[in-house]
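So this one's model15.tsv, TSV, C-alpha atoms:
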```tsv
chain	number	residue	atom	x	y	z
S	1	MET	CA	-43.12	-18.37	-5.56
S	2	ASN	CA	-44.70	-19.92	-8.59
S	3	LEU	CA	-48.41	-19.92	-7.77
S	4	VAL	CA	-49.41	-22.48	-10.39
S	5	LYS	CA	-46.87	-24.91	-8.92
S	6	PHE	CA	-48.23	-24.19	-5.46
S	7	VAL	CA	-51.75	-25.16	-6.58
S	8	GLU	CA	-50.46	-28.32	-8.28
S	9	GLU	CA	-48.50	-29.41	-5.24
S	10	SER	CA	-51.30	-28.77	-2.76
S	11	ALA	CA	-54.18	-30.12	-4.86
S	12	VAL	CA	-52.59	-33.26	-6.27
S	13	GLU	CA	-51.20	-36.09	-4.21
S	14	ARG	CA	-47.99	-37.47	-5.72
S	15	ARG	CA	-47.83	-41.20	-6.43
S	16	ASP	CA	-44.83	-43.36	-5.73
S	17	HIS	CA	-44.38	-45.71	-8.65
S	18	PRO	CA	-41.29	-47.81	-9.32
S	19	LYS	CA	-38.86	-46.10	-11.65
S	20	PHE	CA	-39.56	-46.81	-15.31
S	21	LYS	CA	-38.63	-45.25	-18.64
S	22	ALA	CA	-39.22	-45.70	-22.35
S	23	GLY	CA	-38.58	-49.27	-23.49
S	24	ASP	CA	-39.62	-50.90	-20.22
S	25	THR	CA	-42.54	-53.31	-20.14
S	26	VAL	CA	-45.02	-52.35	-17.44
S	27	SER	CA	-48.41	-53.54	-16.20
S	28	VAL	CA	-50.66	-50.69	-15.18
S	29	HIS	CA	-53.35	-51.76	-12.72
S	30	TYR	CA	-56.13	-49.26	-13.43
S	31	LYS	CA	-59.24	-48.79	-11.30
S	32	ILE	CA	-62.46	-48.80	-13.32
S	33	LYS	CA	-65.80	-47.69	-11.85
S	34	GLU	CA	-68.94	-49.37	-13.17
S	35	GLY	CA	-71.96	-47.92	-11.41
S	36	ASN	CA	-70.92	-48.22	-7.78
S	37	LYS	CA	-68.71	-51.24	-8.31
S	38	GLU	CA	-64.99	-50.85	-8.73
S	39	ARG	CA	-62.70	-53.32	-10.44
S	40	ILE	CA	-59.11	-53.36	-11.56
S	41	GLN	CA	-58.06	-53.75	-15.17
S	42	VAL	CA	-54.48	-54.49	-16.16
S	43	PHE	CA	-52.95	-52.84	-19.22
S	44	GLN	CA	-49.61	-54.40	-20.07
S	45	GLY	CA	-47.30	-53.05	-22.72
S	46	ILE	CA	-44.15	-51.17	-23.61
S	47	VAL	CA	-43.69	-47.61	-22.37
S	48	ILE	CA	-42.98	-45.51	-25.45
S	49	GLN	CA	-42.64	-42.11	-23.80
S	50	ARG	CA	-42.82	-40.12	-20.60
S	51	ARG	CA	-44.03	-36.60	-21.20
S	52	GLY	CA	-44.28	-33.39	-19.18
S	53	ALA	CA	-43.05	-32.64	-15.69
S	54	GLY	CA	-44.38	-32.28	-12.18
S	55	VAL	CA	-47.86	-33.47	-11.31
S	56	THR	CA	-49.12	-33.22	-14.90
S	57	GLU	CA	-46.59	-35.76	-16.21
S	58	THR	CA	-47.98	-38.58	-18.35
S	59	PHE	CA	-46.68	-41.81	-19.88
S	60	THR	CA	-47.81	-43.73	-22.95
S	61	VAL	CA	-48.06	-47.53	-23.00
S	62	ARG	CA	-48.28	-49.45	-26.29
S	63	LYS	CA	-49.36	-53.03	-26.75
S	64	ILE	CA	-50.46	-55.22	-29.64
S	65	SER	CA	-54.00	-56.47	-29.06
S	66	ASN	CA	-55.34	-59.02	-31.57
S	67	GLY	CA	-52.83	-57.78	-34.12
S	68	ILE	CA	-53.82	-54.14	-33.68
S	69	GLY	CA	-51.56	-51.65	-31.95
S	70	VAL	CA	-53.23	-50.00	-28.94
S	71	GLU	CA	-51.76	-47.04	-27.08
S	72	ARG	CA	-53.00	-45.66	-23.81
S	73	ILE	CA	-51.89	-42.48	-22.04
S	74	PHE	CA	-51.88	-42.43	-18.23
S	75	PRO	CA	-51.23	-39.44	-15.96
S	76	VAL	CA	-48.38	-40.54	-13.67
S	77	HIS	CA	-50.04	-39.14	-10.56
S	78	SER	CA	-53.61	-40.23	-11.38
S	79	PRO	CA	-55.49	-41.54	-8.33
S	80	SER	CA	-57.18	-44.08	-10.63
S	81	ILE	CA	-53.95	-46.02	-11.00
S	82	ASP	CA	-53.87	-48.74	-8.36
S	83	HIS	CA	-50.22	-49.59	-8.95
S	84	VAL	CA	-47.64	-50.03	-11.70
S	85	ASP	CA	-45.42	-53.10	-12.06
S	86	ARG	CA	-42.22	-52.96	-14.04
S	87	ASN	CA	-41.92	-56.36	-15.74
S	88	THR	CA	-38.75	-55.94	-17.80
S	89	ILE	CA	-36.12	-53.29	-18.28
S	90	GLY	CA	-35.69	-52.34	-21.93
S	91	VAL	CA	-32.47	-51.28	-23.60
S	92	VAL	CA	-33.26	-48.41	-25.96
S	93	ARG	CA	-31.19	-45.48	-27.16
S	94	ARG	CA	-33.82	-42.77	-27.05
S	95	ALA	CA	-36.39	-41.34	-24.63
S	96	ARG	CA	-39.28	-41.61	-27.10
S	97	ILE	CA	-39.35	-44.83	-29.08
S	98	PHE	CA	-41.98	-43.92	-31.67
S	99	TYR	CA	-40.15	-46.03	-34.26
S	100	LEU	CA	-41.95	-49.02	-32.68
S	101	ARG	CA	-45.17	-47.88	-34.37
S	102	ALA	CA	-43.74	-48.44	-37.83
S	103	ALA	CA	-41.70	-51.52	-36.95
S	104	LYS	CA	-43.12	-54.98	-37.73
S	105	GLY	CA	-42.19	-58.50	-36.75
S	106	LYS	CA	-38.69	-58.98	-35.40
S	107	ALA	CA	-37.91	-55.26	-35.59
S	108	ALA	CA	-40.80	-54.47	-33.24
S	109	ARG	CA	-39.04	-56.08	-30.29
S	110	VAL	CA	-37.15	-54.23	-27.59
S	111	LYS	CA	-33.94	-55.70	-26.21
S	112	THR	CA	-34.27	-56.42	-22.52
S	113	LYS	CA	-31.67	-56.21	-19.81
S	114	ARG	CA	-30.84	-59.51	-18.14
S	115	LYS	CA	-31.55	-59.57	-14.45
Q	1	MET	CA	-74.07	-10.53	-7.34
Q	2	SER	CA	-70.93	-10.40	-5.23
Q	3	GLY	CA	-67.62	-10.23	-6.97
Q	4	ILE	CA	-63.93	-9.57	-6.75
Q	5	ILE	CA	-61.13	-8.27	-8.97
Q	6	GLY	CA	-58.24	-10.61	-9.71
Q	7	LYS	CA	-55.39	-11.50	-11.97
Q	8	LYS	CA	-54.97	-14.54	-14.21
Q	9	VAL	CA	-51.98	-16.60	-13.06
Q	10	GLY	CA	-52.01	-19.57	-15.42
Q	11	MET	CA	-53.50	-22.95	-16.25
Q	12	THR	CA	-52.87	-26.47	-15.04
Q	13	SER	CA	-54.89	-29.61	-14.34
Q	14	ILE	CA	-55.86	-31.35	-11.12
Q	15	PHE	CA	-57.71	-34.57	-10.32
Q	16	SER	CA	-61.36	-34.55	-9.25
Q	17	ALA	CA	-62.79	-36.75	-6.50
Q	18	GLU	CA	-63.78	-39.34	-9.14
Q	19	GLY	CA	-60.18	-39.44	-10.36
Q	20	LYS	CA	-60.84	-37.46	-13.52
Q	21	ASN	CA	-58.18	-35.09	-14.83
Q	22	VAL	CA	-59.82	-31.63	-14.83
Q	23	PRO	CA	-58.34	-28.59	-16.63
Q	24	CYS	CA	-58.35	-25.49	-14.46
Q	25	THR	CA	-57.24	-21.85	-14.31
Q	26	VAL	CA	-55.48	-20.33	-11.30
Q	27	LEU	CA	-56.59	-16.79	-10.43
Q	28	GLU	CA	-55.06	-14.48	-7.87
Q	29	ALA	CA	-58.25	-12.87	-6.54
Q	30	GLY	CA	-58.10	-9.96	-4.16
Q	31	PRO	CA	-57.70	-8.78	-1.48
Q	32	CYS	CA	-59.71	-5.79	-2.70
Q	33	VAL	CA	-60.30	-2.58	-0.78
Q	34	ILE	CA	-63.70	-0.85	-0.67
Q	35	THR	CA	-62.76	2.62	-1.91
Q	36	GLN	CA	-66.27	4.06	-2.20
Q	37	VAL	CA	-69.73	3.18	-0.94
Q	38	LYS	CA	-72.39	4.57	-3.26
Q	39	THR	CA	-75.88	5.09	-1.88
Q	40	VAL	CA	-79.27	5.75	-3.46
Q	41	GLU	CA	-79.63	9.10	-1.64
Q	42	LYS	CA	-76.31	10.48	-2.75
Q	43	ASP	CA	-75.53	8.78	-6.07
Q	44	GLY	CA	-78.90	7.55	-7.30
Q	45	TYR	CA	-77.92	3.89	-7.01
Q	46	ALA	CA	-76.27	1.63	-4.44
Q	47	ALA	CA	-72.89	0.06	-5.19
Q	48	TYR	CA	-69.52	-0.79	-3.74
Q	49	GLN	CA	-66.37	0.33	-5.52
Q	50	LEU	CA	-63.54	-2.22	-5.19
Q	51	ALA	CA	-59.85	-1.58	-5.88
Q	52	PHE	CA	-57.11	-4.09	-6.63
Q	53	GLY	CA	-53.45	-4.17	-7.66
Q	54	ASP	CA	-50.79	-1.87	-6.24
Q	55	LYS	CA	-49.61	1.18	-8.13
Q	56	LYS	CA	-46.78	3.63	-7.49
Q	57	GLU	CA	-47.74	6.89	-5.81
Q	58	LYS	CA	-45.80	8.91	-8.41
Q	59	ASN	CA	-47.93	7.40	-11.18
Q	60	THR	CA	-51.19	8.36	-9.50
Q	61	THR	CA	-52.95	11.67	-10.06
Q	62	GLN	CA	-53.57	13.93	-7.08
Q	63	SER	CA	-57.33	13.52	-7.35
Q	64	MET	CA	-57.06	9.73	-7.28
Q	65	LEU	CA	-54.56	9.89	-4.39
Q	66	GLY	CA	-57.17	11.82	-2.40
Q	67	HIS	CA	-59.81	9.23	-3.33
Q	68	PHE	CA	-57.65	6.37	-2.04
Q	69	LYS	CA	-56.64	8.39	1.05
Q	70	LYS	CA	-60.30	8.67	2.07
Q	71	ALA	CA	-60.52	4.89	2.19
Q	72	GLY	CA	-57.17	4.65	3.96
Q	73	SER	CA	-55.67	2.55	1.18
Q	74	SER	CA	-52.55	2.68	-0.96
Q	75	PRO	CA	-53.03	3.65	-4.64
Q	76	LYS	CA	-54.52	0.84	-6.72
Q	77	ARG	CA	-54.55	0.13	-10.44
Q	78	LYS	CA	-57.94	-1.37	-11.11
Q	79	LEU	CA	-61.31	-0.08	-9.88
Q	80	LYS	CA	-64.66	-1.76	-10.40
Q	81	GLU	CA	-68.16	-1.21	-9.04
Q	82	PHE	CA	-70.40	-4.05	-7.93
Q	83	GLU	CA	-74.04	-3.13	-7.51
Q	84	THR	CA	-75.41	-5.87	-5.31
Q	85	PHE	CA	-73.29	-7.48	-2.65
Q	86	GLU	CA	-74.52	-10.14	-0.27
Q	87	ALA	CA	-72.56	-8.84	2.73
Q	88	GLU	CA	-72.44	-5.27	4.08
Q	89	TYR	CA	-69.14	-3.41	3.99
Q	90	ASN	CA	-67.83	-0.05	5.16
Q	91	LEU	CA	-65.37	2.28	3.48
Q	92	GLY	CA	-61.84	0.84	3.73
Q	93	ASP	CA	-62.91	-2.77	4.38
Q	94	THR	CA	-61.22	-5.54	2.44
Q	95	VAL	CA	-62.99	-8.18	0.36
Q	96	THR	CA	-61.10	-11.44	0.13
Q	97	VAL	CA	-61.41	-14.62	-1.88
Q	98	GLU	CA	-63.26	-16.17	1.08
Q	99	ILE	CA	-66.58	-14.93	-0.38
Q	100	PHE	CA	-66.29	-17.94	-2.72
Q	101	SER	CA	-66.37	-21.56	-1.66
Q	102	GLU	CA	-65.71	-24.86	-3.41
Q	103	GLY	CA	-68.56	-25.93	-5.66
Q	104	ASP	CA	-69.79	-22.40	-6.40
Q	105	PHE	CA	-70.39	-21.40	-10.00
Q	106	VAL	CA	-68.80	-18.09	-11.06
Q	107	ASP	CA	-68.58	-15.90	-14.15
Q	108	VAL	CA	-65.14	-14.59	-15.10
Q	109	GLN	CA	-64.82	-11.50	-17.28
Q	110	GLY	CA	-61.61	-10.40	-18.98
Q	111	VAL	CA	-60.14	-8.89	-22.14
Q	112	THR	CA	-59.27	-11.61	-24.66
Q	113	LYS	CA	-55.81	-11.92	-26.18
Q	114	GLY	CA	-55.31	-9.48	-29.05
Q	115	LYS	CA	-54.63	-11.31	-32.31
Q	116	GLY	CA	-54.21	-8.35	-34.69
Q	117	PHE	CA	-55.64	-8.28	-38.22
Q	118	GLN	CA	-56.89	-11.77	-38.98
Q	119	GLY	CA	-58.64	-13.39	-41.91
Q	120	VAL	CA	-62.12	-14.88	-41.90
Q	121	VAL	CA	-60.98	-18.44	-41.16
Q	122	LYS	CA	-59.54	-17.50	-37.77
Q	123	ARG	CA	-61.89	-14.59	-37.06
Q	124	HIS	CA	-65.26	-16.12	-37.92
Q	125	GLY	CA	-64.54	-19.81	-38.27
Q	126	PHE	CA	-65.02	-19.97	-42.05
Q	127	SER	CA	-63.87	-23.30	-43.40
Q	128	GLY	CA	-61.78	-21.97	-46.29
Q	129	VAL	CA	-61.88	-23.37	-49.78
Q	130	GLY	CA	-61.34	-27.01	-48.90
Q	131	GLY	CA	-58.98	-28.67	-51.32
Q	132	GLN	CA	-55.58	-27.48	-52.40
Q	133	THR	CA	-56.00	-28.64	-55.99
Q	134	HIS	CA	-58.58	-27.95	-58.75
Q	135	GLY	CA	-57.18	-24.53	-59.54
Q	136	GLN	CA	-56.92	-23.14	-55.98
Q	137	HIS	CA	-53.50	-21.65	-56.20
Q	138	ASN	CA	-53.88	-18.61	-53.93
Q	139	ARG	CA	-57.30	-18.66	-52.29
Q	140	LEU	CA	-57.19	-21.42	-49.70
Q	141	ARG	CA	-58.41	-19.18	-46.86
Q	142	ALA	CA	-60.44	-16.70	-48.94
Q	143	PRO	CA	-63.96	-15.63	-47.80
Q	144	GLY	CA	-65.70	-16.40	-51.12
Q	145	SER	CA	-68.74	-14.45	-52.30
Q	146	LEU	CA	-70.01	-11.41	-50.36
Q	147	GLY	CA	-73.52	-11.67	-51.76
Q	148	ALA	CA	-75.70	-11.46	-54.87
Q	149	SER	CA	-75.05	-9.15	-57.85
Q	150	SER	CA	-77.44	-6.56	-59.41
Q	151	PHE	CA	-79.96	-7.04	-56.63
Q	152	PRO	CA	-79.22	-5.74	-53.98
Q	153	SER	CA	-76.15	-4.14	-55.67
Q	154	ARG	CA	-74.52	-3.66	-52.29
Q	155	VAL	CA	-72.94	-5.65	-49.51
Q	156	PHE	CA	-75.23	-6.17	-46.53
Q	157	LYS	CA	-74.33	-4.56	-43.24
Q	158	GLY	CA	-72.66	-6.87	-40.76
Q	159	MET	CA	-71.14	-9.11	-43.47
Q	160	ARG	CA	-68.40	-11.09	-41.74
Q	161	MET	CA	-65.01	-10.05	-43.11
Q	162	ALA	CA	-61.34	-9.96	-42.09
Q	163	GLY	CA	-60.25	-7.46	-39.44
Q	164	ARG	CA	-58.96	-6.83	-35.95
Q	165	THR	CA	-59.47	-9.89	-33.81
Q	166	GLY	CA	-59.39	-10.35	-30.04
Q	167	GLY	CA	-58.74	-7.71	-27.43
Q	168	VAL	CA	-62.43	-7.40	-26.52
Q	169	ASN	CA	-64.31	-7.94	-23.27
Q	170	ARG	CA	-65.60	-11.47	-22.90
Q	171	LYS	CA	-67.22	-13.35	-20.05
Q	172	ALA	CA	-66.79	-17.04	-19.37
Q	173	GLN	CA	-69.97	-18.14	-17.61
Q	174	ASN	CA	-70.75	-20.87	-15.08
Q	175	LEU	CA	-67.23	-21.95	-14.18
Q	176	GLU	CA	-67.07	-24.26	-11.19
Q	177	VAL	CA	-64.85	-23.23	-8.28
Q	178	LEU	CA	-62.58	-26.22	-7.69
Q	179	LYS	CA	-60.34	-24.87	-4.90
Q	180	VAL	CA	-59.98	-21.79	-2.72
Q	181	PHE	CA	-56.72	-20.90	-0.95
Q	182	PRO	CA	-57.54	-17.95	1.36
Q	183	GLU	CA	-53.98	-17.58	2.65
Q	184	GLN	CA	-52.51	-17.18	-0.82
Q	185	ASN	CA	-55.62	-15.35	-2.18
Q	186	LEU	CA	-55.93	-18.00	-4.87
Q	187	LEU	CA	-59.03	-19.20	-6.67
Q	188	VAL	CA	-58.99	-22.25	-8.94
Q	189	VAL	CA	-61.82	-22.44	-11.48
Q	190	LYS	CA	-62.64	-25.18	-13.96
Q	191	GLY	CA	-61.81	-24.52	-17.60
Q	192	SER	CA	-60.31	-21.52	-19.33
Q	193	VAL	CA	-60.69	-17.79	-18.75
Q	194	PRO	CA	-60.36	-14.94	-21.31
Q	195	GLY	CA	-57.10	-13.03	-21.55
Q	196	PRO	CA	-53.35	-13.55	-21.24
Q	197	LYS	CA	-51.52	-14.44	-18.02
Q	198	GLY	CA	-51.18	-11.48	-15.70
Q	199	SER	CA	-54.26	-9.68	-17.03
Q	200	PHE	CA	-57.01	-8.36	-14.78
Q	201	VAL	CA	-60.19	-10.41	-14.51
Q	202	ILE	CA	-63.48	-9.81	-12.72
Q	203	VAL	CA	-64.94	-12.80	-10.89
Q	204	GLU	CA	-68.66	-12.69	-10.10
Q	205	LYS	CA	-70.80	-15.11	-8.17
```
Encoded form (structure tokens):
Amino acid sequence: MNLVKFVEESAVERRDHPKFKAGDTVSVHYKIKEGNKERIQVFQGIVIQRRGAGVTETFTVRKISNGIGVERIFPVHSPSIDHVDRNTIGVVRRARIFYLRAAKGKAARVKTKRK
Amino acid sequence: MSGIIGKKVGMTSIFSAEGKNVPCTVLEAGPCVITQVKTVEKDGYAAYQLAFGDKKEKNTTQSMLGHFKKAGSSPKRKLKEFETFEAEYNLGDTVTVEIFSEGDFVDVQGVTKGKGFQGVVKRHGFSGVGGQTHGQHNRLRAPGSLGASSFPSRVFKGMRMAGRTGGVNRKAQNLEVLKVFPEQNLLVVKGSVPGPKGSFVIVEK
């Protein structure tokens, strides 16, 4: 048996998030510790990629904050994530939508699926 | 200093209690057999000889076969002496990964990956020439001057130059033990460890 996998599976608790992929808009509710206080911060944006496999998988969320693009990488199975909401389902043709970084204005939108 | 012989399995990352993503190395450590107990009266110093890693009988010399037979063990590939052990052992006892516990700090010794003949940029961390323009057509990673001219009229000993890189013994010190799996003989330490996957390492507490 693969011993590295064994360590990953027994040391990391898997998280059950709703299914989401590149192009979807998500809100990540992230736990932040300040001293001994804990609060939750929400990071809302478009998922531009999911990367890796197993317990070390990560996803990247991009948003425009005050006109500046901000990207944040979260480990999917991080215990610091309180929960993830999928707000909209995006229609994109690729798994990694890095073209969003260069796109401006109307081109920087992602088509969404109607519910 | 108690220790154990092991094998590097690979790297991954796990989450700490604070939720931080911590890089770690998985080591298959032990079980090791005590193949010789050295004493001050007989050998001039006290030590335990540990053996790890199975080996075919046909690839073992007769003298080594007799050595392993005395300890009642099968032939092993790697032998290592540890001079001071916390616990007392007899000939033929096994040392397992249970001598370590979570939160301990260990040193891990191994042979680094061989990189062959390398230039000074990779071997000694020289920064190279810098720019690609201003006449630098073929000396981007060159070492530059080796020293002054008529005095001393020679190159000083120990001048850092290109050459064989890697493949030497190195010790990574003060690595935290993150997890111990006694059933699988696995040890998970924080950070990286010298050597390629599958190579022998010596873990000391």
Considering only C-alpha atoms, return as a PyMOL selection string whatever protein or nucleic-acid residues lie within 12 Å of segment 65-68 of chain S, sequence-local ones (same chain, fewer than 3 positions apart) excluded. chain S and resi 43-45+62+71+101+104-105
Using all atoms listed in the file, find which residues of chain S lie within 7 Å of chain Q and jot them down as a list of chain:residue names.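 Listing them in order of chain and number gives S:Val4, S:Glu8, S:Ala11, S:Val12, S:Thr56, S:Ser78, S:Pro79, S:Ser80.
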Calculated over only C-alpha atoms, which of the candidates Q:Asn90, Q:Gln49, Q:Gln36, Q:Thr60 has the smallest distance to Arg77 of chain Q?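 Smallest separation from Arg77 of chain Q among the options: Q:Thr60.
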As a ChimeraX atom specification, please: the residues near segment 93-107 of chain Q (cut-off 8 Å, all atoms listed in the file, same-chain neighbours under 3 positions excluded). /Q:2,4,29-34,89-90,171-182,185-187,203-205
Suppose you want the space between atom CA of Cys24 of chain Q and atom CA of Arg51 of chain S; what is it in Å? 19.3 Å
Among the residues S:Arg114, S:Lys33, S:His83, S:Arg94, the one that comes closest to Arg15 of chain S [using only C-alpha atoms]: S:His83
At what distance in Å, to one decimal, does atom CA of Met161 of chain Q lie from atom CA of Lys122 of chain Q? 10.7 Å
